[in-house]
Amino acid sequence: MALTDEAVRDALRTVRDPQLGRDLVALRMYDGAVIDGDAVTLHLTLPMHGYPAREELEQRVQTALTGAGASSVVIEVRVDVPAWQGSGEQAAIGGVKNIIAVASNKGGVGKSTIATNLAVALAESGAAVGLVDADATGPNLPTMFGLPNGFQAQSERGLHPVERFGVKVISLGFLLPPGAPVVWRGPMIGSAIRQLLHDVEWGEIDYLLIDLPPGTSDASMSMAQEAPIAGAVVVSTPQQVALEDASKAVTMFEKLDVPVFGIVENMSYFITPDTGQRVEIFGHGGARDAADDLEIDFLGEVPLATEVRAGGDDGQPIVAFDAENPAAEAFVGIAERVAVKAAASALMQAPTIPVL
């Protein structure tokens, strides 16, 4: 007996996505099928590039459809990153699907390094990625991407994104000469955030990362008010004082109704180059414990490596230049988890109902 579309759909209702934990029909990943007798060509839509569980997912689909009576199964896959809609209270950014904040309540924990390498890792997976340097008083991203400070000061286009390593980057540092201080009060910072988000031609972007300044300040509040934020990544080191500040950052986002994707532990440990011994300079595992206490996800740990520091100083993100380095592998793993969290949030959000 020939298979029917309803039989295929019912079979896929029994297939749970390994990453998202729900069936493919509920997740809107089933994109139709061509059925010829008992041969099926199935169309699936994956919600992220570089999908880490693709092989397992396809095996589950094969098993389910074979059990439903298919003699042969061909799976054709496309990628369409779903967009986070938010509550509808903030103005969406044209072409941008997911806005992700990278934050810490304490300076010096490597937040800009994390933001840079996460952005590059997402871009290398095939996603369209933008990165906003929202630290108006201390912009670091020009250096991280090997761009000179102030190089757009005389540009007829004014401030605009520049693509490096597949990432569209924008920073007020593009306008400021080296060493020039920015002495701004809160309203000016809020206005700058608004312009960096809404007055920029981003094009089609899957993930727009925002590198926030340290603290629970005007920048974070302005960001949450100005755009629908899909989630936040909180960066900490294993030190107790950093963990206390990370907890404050999590609380801040909860008060701003911004979902927290999880915590990253940076400078987690150091591998001595001569002996290969692992040294936990700042302690270890504190961020994982904090994530458990706060009931949020632990996204991963990044080792303290001279190559990461040198790459940041030289404008050569380690993910792009030393992919086999343990730190680069850690960044790629964290980027995958962030993409999965963004997909889960977008696919499982309640539908918005237009009010006329």
# chains A, B, ... in the order shown; residues from 1 in each chain; ligands from 1
>>> select_by_dssp(residues="stretch 199-336 of chain A", states="strand (DSSP E or B)", output="PyMOL selection string")
chain A and resi 205-211+231-236+260-265+270-271+278-279+281+283+298-301+304
>>> residues_around(residues="A:Thr251", least_positions_apart="2", cutoff="12 Å", atoms="only C-alpha atoms", output="PyMOL selection string")
chain A and resi 104-105+215-216+232+234+244-249+253-260+294-296
>>> write_last_selection(atoms="N, CA and C atoms", output="PDB file, in the first residue's frame")
ATOM      1  N   SER A 104      28.604  41.037  31.019  1.00  0.00           N
ATOM      2  CA  SER A 104      29.142  40.695  32.330  1.00  0.00           C
ATOM      3  C   SER A 104      28.916  41.904  33.213  1.00  0.00           C
ATOM      4  N   ASN A 105      28.875  41.686  34.499  1.00  0.00           N
ATOM      5  CA  ASN A 105      28.727  42.811  35.409  1.00  0.00           C
ATOM      6  C   ASN A 105      30.079  43.308  35.892  1.00  0.00           C
ATOM      7  N   GLY A 215      28.645  45.985  33.778  1.00  0.00           N
ATOM      8  CA  GLY A 215      27.742  46.628  34.726  1.00  0.00           C
ATOM      9  C   GLY A 215      26.287  46.611  34.302  1.00  0.00           C
ATOM     10  N   THR A 216      25.444  46.950  35.238  1.00  0.00           N
ATOM     11  CA  THR A 216      23.995  47.045  35.018  1.00  0.00           C
ATOM     12  C   THR A 216      23.674  48.507  34.745  1.00  0.00           C
ATOM     13  N   ALA A 232      20.594  36.337  26.357  1.00  0.00           N
ATOM     14  CA  ALA A 232      21.861  36.907  26.810  1.00  0.00           C
ATOM     15  C   ALA A 232      22.830  35.795  27.188  1.00  0.00           C
ATOM     16  N   VAL A 234      26.076  35.373  29.550  1.00  0.00           N
ATOM     17  CA  VAL A 234      26.786  36.034  30.643  1.00  0.00           C
ATOM     18  C   VAL A 234      28.173  35.420  30.772  1.00  0.00           C
ATOM     19  N   GLU A 244      29.952  36.502  41.673  1.00  0.00           N
ATOM     20  CA  GLU A 244      28.947  37.339  42.325  1.00  0.00           C
ATOM     21  C   GLU A 244      28.408  38.378  41.348  1.00  0.00           C
ATOM     22  N   ASP A 245      29.313  38.958  40.553  1.00  0.00           N
ATOM     23  CA  ASP A 245      28.884  39.949  39.569  1.00  0.00           C
ATOM     24  C   ASP A 245      28.085  39.302  38.444  1.00  0.00           C
ATOM     25  N   ALA A 246      28.458  38.081  38.058  1.00  0.00           N
ATOM     26  CA  ALA A 246      27.696  37.379  37.027  1.00  0.00           C
ATOM     27  C   ALA A 246      26.266  37.134  37.496  1.00  0.00           C
ATOM     28  N   SER A 247      26.108  36.811  38.757  1.00  0.00           N
ATOM     29  CA  SER A 247      24.767  36.603  39.310  1.00  0.00           C
ATOM     30  C   SER A 247      23.954  37.889  39.229  1.00  0.00           C
ATOM     31  N   LYS A 248      24.598  39.019  39.456  1.00  0.00           N
ATOM     32  CA  LYS A 248      23.893  40.302  39.337  1.00  0.00           C
ATOM     33  C   LYS A 248      23.461  40.560  37.896  1.00  0.00           C
ATOM     34  N   ALA A 249      24.318  40.180  36.945  1.00  0.00           N
ATOM     35  CA  ALA A 249      23.957  40.365  35.537  1.00  0.00           C
ATOM     36  C   ALA A 249      22.753  39.512  35.173  1.00  0.00           C
ATOM     37  N   PHE A 253      19.029  40.888  33.780  1.00  0.00           N
ATOM     38  CA  PHE A 253      18.318  40.483  32.571  1.00  0.00           C
ATOM     39  C   PHE A 253      16.936  39.931  32.901  1.00  0.00           C
ATOM     40  N   GLU A 254      16.815  39.242  34.014  1.00  0.00           N
ATOM     41  CA  GLU A 254      15.493  38.754  34.411  1.00  0.00           C
ATOM     42  C   GLU A 254      14.543  39.916  34.652  1.00  0.00           C
ATOM     43  N   LYS A 255      15.032  40.978  35.277  1.00  0.00           N
ATOM     44  CA  LYS A 255      14.193  42.150  35.517  1.00  0.00           C
ATOM     45  C   LYS A 255      13.843  42.881  34.226  1.00  0.00           C
ATOM     46  N   LEU A 256      14.720  42.760  33.232  1.00  0.00           N
ATOM     47  CA  LEU A 256      14.472  43.394  31.932  1.00  0.00           C
ATOM     48  C   LEU A 256      13.684  42.473  30.994  1.00  0.00           C
ATOM     49  N   ASP A 257      13.271  41.302  31.487  1.00  0.00           N
ATOM     50  CA  ASP A 257      12.520  40.319  30.692  1.00  0.00           C
ATOM     51  C   ASP A 257      13.306  39.845  29.481  1.00  0.00           C
ATOM     52  N   VAL A 258      14.607  39.709  29.659  1.00  0.00           N
ATOM     53  CA  VAL A 258      15.475  39.166  28.613  1.00  0.00           C
ATOM     54  C   VAL A 258      15.879  37.752  29.028  1.00  0.00           C
ATOM     55  N   PRO A 259      15.574  36.738  28.209  1.00  0.00           N
ATOM     56  CA  PRO A 259      15.986  35.374  28.567  1.00  0.00           C
ATOM     57  C   PRO A 259      17.504  35.271  28.663  1.00  0.00           C
ATOM     58  N   VAL A 260      17.975  34.479  29.603  1.00  0.00           N
ATOM     59  CA  VAL A 260      19.414  34.242  29.747  1.00  0.00           C
ATOM     60  C   VAL A 260      19.732  32.866  29.178  1.00  0.00           C
ATOM     61  N   LEU A 294      21.616  29.250  39.888  1.00  0.00           N
ATOM     62  CA  LEU A 294      20.701  30.197  39.256  1.00  0.00           C
ATOM     63  C   LEU A 294      19.685  29.508  38.344  1.00  0.00           C
ATOM     64  N   GLU A 295      19.836  28.185  38.191  1.00  0.00           N
ATOM     65  CA  GLU A 295      18.941  27.375  37.359  1.00  0.00           C
ATOM     66  C   GLU A 295      18.935  27.847  35.900  1.00  0.00           C
ATOM     67  N   ILE A 296      20.143  28.103  35.395  1.00  0.00           N
ATOM     68  CA  ILE A 296      20.317  28.419  33.980  1.00  0.00           C
ATOM     69  C   ILE A 296      21.374  27.474  33.422  1.00  0.00           C
TER      70      ILE A 296
END
>>> select_by_dssp(residues="stretch 73-268 of chain A", states="alpha helix (DSSP H)", output="MDAnalysis selection string")
chainID A and resid 111:124 141:144 186:198 218:226 240:255
>>> atom_distance(atom1="atom CA of A:Gly32", atom2="atom CA of A:Val74")
12.4 Å
>>> closest_residue(among="A:Pro148, A:Ser268, A:Asn98, A:Met29", to="A:Glu76", atoms="only C-alpha atoms")
A:Met29
>>> residues_around(residues="A:Ser236", least_positions_apart="4", cutoff="7 Å", atoms="only C-alpha atoms", output="list in words")
Ser104, Val109, Ala242, Leu243, Ala246, Val264, Glu265, Asn266 and Ala287 of chain A
>>> write_last_selection(atoms="N, CA and C atoms", output="short mmCIF file (atom, residue, chain, number, x, y, z; two decimals), in the first residue's frame")
data_model
loop_
_atom_site.label_atom_id
_atom_site.label_comp_id
_atom_site.auth_asym_id
_atom_site.auth_seq_id
_atom_site.Cartn_x
_atom_site.Cartn_y
_atom_site.Cartn_z
N SER A 104 28.60 41.04 31.02
CA SER A 104 29.14 40.69 32.33
C SER A 104 28.92 41.90 33.21
N VAL A 109 36.84 40.32 32.33
CA VAL A 109 36.59 38.88 32.29
C VAL A 109 36.68 38.33 30.86
N ALA A 242 33.95 37.54 40.57
CA ALA A 242 33.39 37.57 39.23
C ALA A 242 32.06 36.83 39.19
N LEU A 243 31.97 35.73 39.92
CA LEU A 243 30.73 34.97 39.96
C LEU A 243 29.61 35.75 40.62
N ALA A 246 28.46 38.08 38.06
CA ALA A 246 27.70 37.38 37.03
C ALA A 246 26.27 37.13 37.50
N VAL A 264 29.15 31.48 30.51
CA VAL A 264 30.42 30.99 30.01
C VAL A 264 31.49 31.26 31.05
N GLU A 265 32.31 30.24 31.33
CA GLU A 265 33.45 30.44 32.22
C GLU A 265 34.70 30.68 31.38
N ASN A 266 35.19 31.90 31.39
CA ASN A 266 36.40 32.25 30.65
C ASN A 266 37.61 32.12 31.58
N ALA A 287 31.68 28.85 37.66
CA ALA A 287 30.58 29.29 36.79
C ALA A 287 29.55 28.19 36.60
#
>>> closest_atom_pairs(of="stretch 38-98 of chain A", to="stretch 200-204 of chain A", cutoff="9 Å", atoms="only C-alpha atoms", output="tab-separated table")
residue	atom	partner	partner_atom	distance
A:Ile93	CA	A:Trp202	CA	8.6
A:Gly94	CA	A:Gly203	CA	7.5
A:Gly95	CA	A:Glu204	CA	4.5
A:Val96	CA	A:Glu204	CA	6.0
A:Lys97	CA	A:Glu204	CA	8.0
>>> closest_atom_pairs(of="stretch 49-118 of chain A", to="stretch 8-23 of chain A", cutoff="12 Å", atoms="only C-alpha atoms", output="JSON lines")
{"residue": "A:Tyr51", "atom": "CA", "partner": "A:Gln19", "partner_atom": "CA", "distance": 9.2}
{"residue": "A:Pro52", "atom": "CA", "partner": "A:Gln19", "partner_atom": "CA", "distance": 8.3}
{"residue": "A:Ala53", "atom": "CA", "partner": "A:Pro18", "partner_atom": "CA", "distance": 6.4}
{"residue": "A:Arg54", "atom": "CA", "partner": "A:Pro18", "partner_atom": "CA", "distance": 8.7}
{"residue": "A:Glu55", "atom": "CA", "partner": "A:Pro18", "partner_atom": "CA", "distance": 10.1}
{"residue": "A:Glu56", "atom": "CA", "partner": "A:Pro18", "partner_atom": "CA", "distance": 7.3}
{"residue": "A:Leu57", "atom": "CA", "partner": "A:Asp17", "partner_atom": "CA", "distance": 6.3}
{"residue": "A:Glu58", "atom": "CA", "partner": "A:Asp17", "partner_atom": "CA", "distance": 9.7}
{"residue": "A:Gln59", "atom": "CA", "partner": "A:Val15", "partner_atom": "CA", "distance": 10.0}
{"residue": "A:Arg60", "atom": "CA", "partner": "A:Val15", "partner_atom": "CA", "distance": 6.4}
{"residue": "A:Val61", "atom": "CA", "partner": "A:Val15", "partner_atom": "CA", "distance": 6.5}
{"residue": "A:Gln62", "atom": "CA", "partner": "A:Val15", "partner_atom": "CA", "distance": 9.8}
{"residue": "A:Thr63", "atom": "CA", "partner": "A:Val15", "partner_atom": "CA", "distance": 9.2}
{"residue": "A:Ala64", "atom": "CA", "partner": "A:Ala11", "partner_atom": "CA", "distance": 5.7}
{"residue": "A:Leu65", "atom": "CA", "partner": "A:Ala11", "partner_atom": "CA", "distance": 6.1}
{"residue": "A:Thr66", "atom": "CA", "partner": "A:Ala11", "partner_atom": "CA", "distance": 9.3}
{"residue": "A:Gly67", "atom": "CA", "partner": "A:Ala11", "partner_atom": "CA", "distance": 8.2}
{"residue": "A:Ala68", "atom": "CA", "partner": "A:Ala11", "partner_atom": "CA", "distance": 6.5}
{"residue": "A:Gly69", "atom": "CA", "partner": "A:Val8", "partner_atom": "CA", "distance": 9.4}
{"residue": "A:Ala70", "atom": "CA", "partner": "A:Val8", "partner_atom": "CA", "distance": 9.0}
{"residue": "A:Val73", "atom": "CA", "partner": "A:Val8", "partner_atom": "CA", "distance": 11.0}
>>> write_last_selection(atoms="C-alpha atoms", output="PDB file, in the first residue's frame")
ATOM      1  CA  TYR A  51      23.630  21.559  12.980  1.00  0.00           C
ATOM      2  CA  PRO A  52      25.543  19.348  15.455  1.00  0.00           C
ATOM      3  CA  ALA A  53      22.965  16.539  15.621  1.00  0.00           C
ATOM      4  CA  ARG A  54      22.144  16.256  11.923  1.00  0.00           C
ATOM      5  CA  GLU A  55      23.401  12.675  11.498  1.00  0.00           C
ATOM      6  CA  GLU A  56      21.453  11.432  14.528  1.00  0.00           C
ATOM      7  CA  LEU A  57      18.342  13.308  13.406  1.00  0.00           C
ATOM      8  CA  GLU A  58      18.463  11.794   9.921  1.00  0.00           C
ATOM      9  CA  GLN A  59      18.898   8.320  11.409  1.00  0.00           C
ATOM     10  CA  ARG A  60      15.810   8.813  13.579  1.00  0.00           C
ATOM     11  CA  VAL A  61      13.834   9.964  10.537  1.00  0.00           C
ATOM     12  CA  GLN A  62      14.989   6.967   8.507  1.00  0.00           C
ATOM     13  CA  THR A  63      13.937   4.591  11.287  1.00  0.00           C
ATOM     14  CA  ALA A  64      10.516   6.211  11.734  1.00  0.00           C
ATOM     15  CA  LEU A  65       9.655   6.258   8.031  1.00  0.00           C
ATOM     16  CA  THR A  66      10.911   2.730   7.441  1.00  0.00           C
ATOM     17  CA  GLY A  67       8.689   1.630  10.303  1.00  0.00           C
ATOM     18  CA  ALA A  68       5.772   3.390   8.623  1.00  0.00           C
ATOM     19  CA  GLY A  69       6.304   1.354   5.441  1.00  0.00           C
ATOM     20  CA  ALA A  70       8.839   3.319   3.359  1.00  0.00           C
ATOM     21  CA  VAL A  73      14.014   7.431   2.192  1.00  0.00           C
TER      22      VAL A  73
END
>>> atom_distance(atom1="atom CA of A:Val319", atom2="atom CA of A:Leu118")
8.4 Å
>>> closest_residue(among="A:Ser112, A:Tyr207, A:Ile263, A:Ser155", to="A:Ile229", atoms="only C-alpha atoms")
A:Tyr207
>>> atom_distance(atom1="atom CA of A:Leu304", atom2="atom CA of A:Phe165")
22.6 Å
>>> closest_atom_pairs(of="stretch 119-152 of chain A", to="stretch 170-174 of chain A", cutoff="10 Å", atoms="only C-alpha atoms", output="tab-separated table")
residue	atom	partner	partner_atom	distance
A:Gly130	CA	A:Ile170	CA	8.1
A:Leu131	CA	A:Ile170	CA	6.5
A:Val132	CA	A:Ile170	CA	5.2
A:Asp133	CA	A:Ser171	CA	4.8
A:Ala134	CA	A:Ser171	CA	7.2
A:Asp135	CA	A:Ser171	CA	8.3
A:Ala136	CA	A:Leu172	CA	6.3
A:Thr137	CA	A:Leu172	CA	8.8
A:Gly138	CA	A:Gly173	CA	8.2
A:Pro139	CA	A:Gly173	CA	5.5
A:Asn140	CA	A:Gly173	CA	7.5
A:Leu141	CA	A:Ser171	CA	6.8
A:Pro142	CA	A:Gly173	CA	6.4
A:Thr143	CA	A:Gly173	CA	9.1
A:Leu147	CA	A:Phe174	CA	8.0
A:Pro148	CA	A:Phe174	CA	7.3
A:Asn149	CA	A:Phe174	CA	5.2
A:Gly150	CA	A:Phe174	CA	4.5
A:Phe151	CA	A:Phe174	CA	5.6
A:Gln152	CA	A:Phe174	CA	5.4
>>> decode(residues="stretch 104-132 of chain A", atoms="N, CA and C atoms", output="tab-separated table (two decimals), in the first residue's frame")
chain	number	residue	atom	x	y	z
A	104	SER	N	28.60	41.04	31.02
A	104	SER	CA	29.14	40.69	32.33
A	104	SER	C	28.92	41.90	33.21
A	105	ASN	N	28.88	41.69	34.50
A	105	ASN	CA	28.73	42.81	35.41
A	105	ASN	C	30.08	43.31	35.89
A	106	LYS	N	31.13	42.64	35.44
A	106	LYS	CA	32.49	42.96	35.89
A	106	LYS	C	33.40	43.09	34.68
A	107	GLY	N	34.25	44.10	34.69
A	107	GLY	CA	35.20	44.26	33.61
A	107	GLY	C	36.37	43.29	33.75
A	108	GLY	N	37.06	43.08	32.63
A	108	GLY	CA	38.27	42.27	32.68
A	108	GLY	C	38.06	40.77	32.63
A	109	VAL	N	36.84	40.32	32.33
A	109	VAL	CA	36.59	38.88	32.29
A	109	VAL	C	36.68	38.33	30.86
A	110	GLY	N	37.00	39.17	29.89
A	110	GLY	CA	37.16	38.71	28.52
A	110	GLY	C	35.89	38.69	27.71
A	111	LYS	N	34.97	39.57	28.07
A	111	LYS	CA	33.67	39.60	27.39
A	111	LYS	C	33.81	39.89	25.90
A	112	SER	N	34.62	40.87	25.54
A	112	SER	CA	34.80	41.21	24.12
A	112	SER	C	35.49	40.08	23.36
A	113	THR	N	36.40	39.38	24.02
A	113	THR	CA	37.04	38.22	23.40
A	113	THR	C	36.02	37.13	23.12
A	114	ILE	N	35.14	36.89	24.09
A	114	ILE	CA	34.08	35.89	23.90
A	114	ILE	C	33.17	36.32	22.76
A	115	ALA	N	32.72	37.58	22.76
A	115	ALA	CA	31.80	38.06	21.73
A	115	ALA	C	32.42	37.94	20.34
A	116	THR	N	33.69	38.32	20.23
A	116	THR	CA	34.38	38.26	18.93
A	116	THR	C	34.46	36.84	18.40
A	117	ASN	N	34.91	35.92	19.22
A	117	ASN	CA	35.11	34.56	18.75
A	117	ASN	C	33.80	33.81	18.56
A	118	LEU	N	32.78	34.13	19.35
A	118	LEU	CA	31.46	33.54	19.11
A	118	LEU	C	30.92	34.01	17.76
A	119	ALA	N	31.07	35.30	17.47
A	119	ALA	CA	30.59	35.84	16.19
A	119	ALA	C	31.30	35.17	15.03
A	120	VAL	N	32.61	35.03	15.11
A	120	VAL	CA	33.37	34.41	14.03
A	120	VAL	C	33.00	32.94	13.88
A	121	ALA	N	32.81	32.24	15.01
A	121	ALA	CA	32.43	30.83	14.96
A	121	ALA	C	31.06	30.65	14.31
A	122	LEU	N	30.11	31.51	14.64
A	122	LEU	CA	28.78	31.43	14.02
A	122	LEU	C	28.87	31.72	12.52
A	123	ALA	N	29.70	32.69	12.14
A	123	ALA	CA	29.86	33.01	10.73
A	123	ALA	C	30.50	31.86	9.97
A	124	GLU	N	31.48	31.19	10.58
A	124	GLU	CA	32.15	30.09	9.91
A	124	GLU	C	31.22	28.88	9.75
A	125	SER	N	30.17	28.80	10.57
A	125	SER	CA	29.20	27.72	10.41
A	125	SER	C	28.30	27.95	9.21
A	126	GLY	N	28.31	29.17	8.66
A	126	GLY	CA	27.47	29.49	7.51
A	126	GLY	C	26.42	30.53	7.79
A	127	ALA	N	26.32	30.99	9.03
A	127	ALA	CA	25.30	31.97	9.39
A	127	ALA	C	25.72	33.38	8.98
A	128	ALA	N	24.73	34.24	8.79
A	128	ALA	CA	24.97	35.67	8.56
A	128	ALA	C	25.00	36.34	9.93
A	129	VAL	N	26.11	37.00	10.25
A	129	VAL	CA	26.35	37.47	11.62
A	129	VAL	C	26.76	38.94	11.62
A	130	GLY	N	26.20	39.69	12.59
A	130	GLY	CA	26.63	41.06	12.86
A	130	GLY	C	27.08	41.17	14.30
A	131	LEU	N	27.90	42.16	14.57
A	131	LEU	CA	28.42	42.37	15.93
A	131	LEU	C	28.48	43.86	16.22
A	132	VAL	N	27.81	44.27	17.31
A	132	VAL	CA	27.76	45.67	17.71
A	132	VAL	C	28.63	45.87	18.94
